[in-house]
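For reference, my_file_17.cif is printed below; it contains mmCIF, C-alpha atoms.
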data_coords
loop_
_atom_site.label_atom_id
_atom_site.label_comp_id
_atom_site.auth_asym_id
_atom_site.auth_seq_id
_atom_site.Cartn_x
_atom_site.Cartn_y
_atom_site.Cartn_z
CA MET A 1 -42.55 53.91 -1.94
CA LEU A 2 -41.80 53.16 -5.59
CA ALA A 3 -40.79 49.53 -4.88
CA LYS A 4 -44.31 48.81 -3.62
CA LYS A 5 -46.00 50.25 -6.73
CA SER A 6 -43.77 48.88 -9.48
CA PRO A 7 -43.19 45.13 -9.86
CA ALA A 8 -39.92 45.81 -11.69
CA MET A 9 -38.69 48.03 -8.89
CA ARG A 10 -39.72 45.43 -6.30
CA ILE A 11 -37.69 42.79 -8.12
CA ALA A 12 -34.74 45.17 -8.44
CA THR A 13 -34.92 46.01 -4.73
CA LEU A 14 -34.96 42.33 -3.77
CA ARG A 15 -32.01 41.66 -6.08
CA LEU A 16 -30.08 44.57 -4.57
CA LYS A 17 -30.68 43.19 -1.07
CA GLU A 18 -29.55 39.76 -2.25
CA LEU A 19 -26.38 41.16 -3.79
CA SER A 20 -25.69 43.22 -0.70
CA ALA A 21 -25.84 40.21 1.62
CA GLY A 22 -23.07 39.88 4.15
CA GLU A 23 -19.92 37.88 3.71
CA GLU A 24 -21.30 34.99 5.76
CA ALA A 25 -24.35 34.66 3.48
CA ARG A 26 -22.09 34.68 0.40
CA MET A 27 -19.85 32.02 1.92
CA LEU A 28 -22.85 29.82 2.73
CA HIS A 29 -24.16 30.25 -0.80
CA ASP A 30 -20.75 29.44 -2.30
CA ALA A 31 -20.50 26.30 -0.15
CA TRP A 32 -23.99 25.23 -1.27
CA LEU A 33 -23.05 25.75 -4.94
CA LYS A 34 -19.82 23.80 -4.50
CA GLN A 35 -21.73 20.91 -2.95
CA LYS A 36 -24.21 20.89 -5.85
CA ARG A 37 -21.35 20.89 -8.40
CA ASP A 38 -19.52 18.11 -6.55
CA ASN A 39 -22.67 15.98 -6.40
CA TYR A 40 -23.29 16.53 -10.10
CA ALA A 41 -19.71 15.55 -10.98
CA ARG A 42 -19.98 12.42 -8.84
CA GLU A 43 -23.25 11.44 -10.53
CA GLN A 44 -21.77 11.99 -14.00
CA GLY A 45 -18.79 9.83 -13.08
CA ALA A 46 -21.16 7.04 -12.04
CA VAL A 47 -23.02 7.35 -15.34
CA VAL A 48 -19.80 7.03 -17.34
CA ALA A 49 -18.70 4.03 -15.26
CA ALA A 50 -22.05 2.34 -15.88
CA LYS A 51 -21.71 2.92 -19.63
CA TYR A 52 -18.31 1.19 -19.62
CA GLU A 53 -19.67 -1.71 -17.57
CA ILE A 54 -22.56 -2.17 -19.99
CA ALA A 55 -20.22 -1.95 -22.98
CA SER A 56 -17.91 -4.55 -21.42
CA ALA A 57 -20.82 -6.93 -20.87
CA MET A 58 -22.04 -6.41 -24.42
CA LEU A 59 -18.54 -7.06 -25.77
CA ARG A 60 -18.35 -10.30 -23.75
CA ASP A 61 -21.68 -11.29 -25.30
CA LYS A 62 -20.20 -10.56 -28.75
CA GLU A 63 -22.69 -7.79 -29.54
CA PRO A 64 -21.85 -5.66 -32.60
CA ILE A 65 -20.00 -2.42 -31.88
CA GLU A 66 -22.75 -0.40 -33.61
CA LYS A 67 -25.28 -1.79 -31.15
CA ILE A 68 -22.99 -0.97 -28.21
CA ILE A 69 -22.62 2.59 -29.52
CA LYS A 70 -26.40 2.89 -29.77
CA TYR A 71 -27.07 1.73 -26.21
CA THR A 72 -24.14 3.32 -24.38
CA ASP A 73 -23.43 6.53 -26.34
CA LEU A 74 -19.75 5.63 -26.21
CA THR A 75 -17.74 6.35 -29.34
CA HIS A 76 -16.41 3.67 -31.66
CA GLU A 77 -12.90 4.54 -30.49
CA GLU A 78 -13.83 4.21 -26.80
CA ILE A 79 -15.37 0.79 -27.40
CA THR A 80 -12.42 -0.37 -29.50
CA ASN A 81 -10.03 0.77 -26.78
CA LEU A 82 -12.11 -1.04 -24.19
CA GLN A 83 -12.13 -4.14 -26.36
CA ASN A 84 -8.34 -4.01 -26.72
CA GLY A 85 -7.82 -3.39 -23.01
CA ALA A 86 -6.36 0.05 -23.71
CA VAL A 87 -8.86 1.80 -21.44
CA GLU A 88 -8.90 1.68 -17.68
CA LYS A 89 -12.50 1.11 -16.62
CA HIS A 90 -13.99 4.20 -15.00
#
Take the structure I supplied and represent it as structure tokens, if you would.
Amino acid sequence: MLAKKSPAMRIATLRLKELSAGEEARMLHDAWLKQKRDNYAREQGAVVAAKYEIASAMLRDKEPIEKIIKYTDLTHEEITNLQNGAVEKH
């Protein structure tokens, strides 16, 4: 069989089998991907919240905005809004 002799054909055959998987396998895969995306989004939200908490603490300690930008990666506008109370903490 050609798939046994040619590495490219073996890979193509495996990919074809993967793409031809039943509906249940596709649904399981989609659910797994959704869970991974949801977890990633949750983690990113926690990172943003931590940046705002750090920026708030630095503002309370009267640190310069440039230093806050450097350590939090927040923009000047985000920090100014936080300083003025115009931003709801994440």
Shell of 12 Å around Ile68 of chain A, only C-alpha atoms, local chain residues under 3 positions omitted, as a PyMOL selection string: chain A and resi 51-65+71-80+82-83
Put a box with edges along x, y and z around all the listed atoms of segment 79-84 of chain A, pad it by 8 Å on each side, then give me its centre and sizes in Å, one decimal, as JSON.
{"center_x": -11.9, "center_y": -1.7, "center_z": -26.8, "size_x": 23.0, "size_y": 20.9, "size_z": 21.3}
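The space between atom CA of Arg15 of chain A and atom CA of Ala41 of chain A spans 29.3 Å.
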A straight line from atom CA of Ala50 of chain A to atom CA of Gly85 of chain A spans 16.9 Å
Coordinates-based distance that separates atom CA of Ala25 of chain A from atom CA of Glu43 of chain A (Å, one decimal):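 Between atom CA of Glu43 of chain A and atom CA of Ala25 of chain A the gap works out to 27.1 Å.
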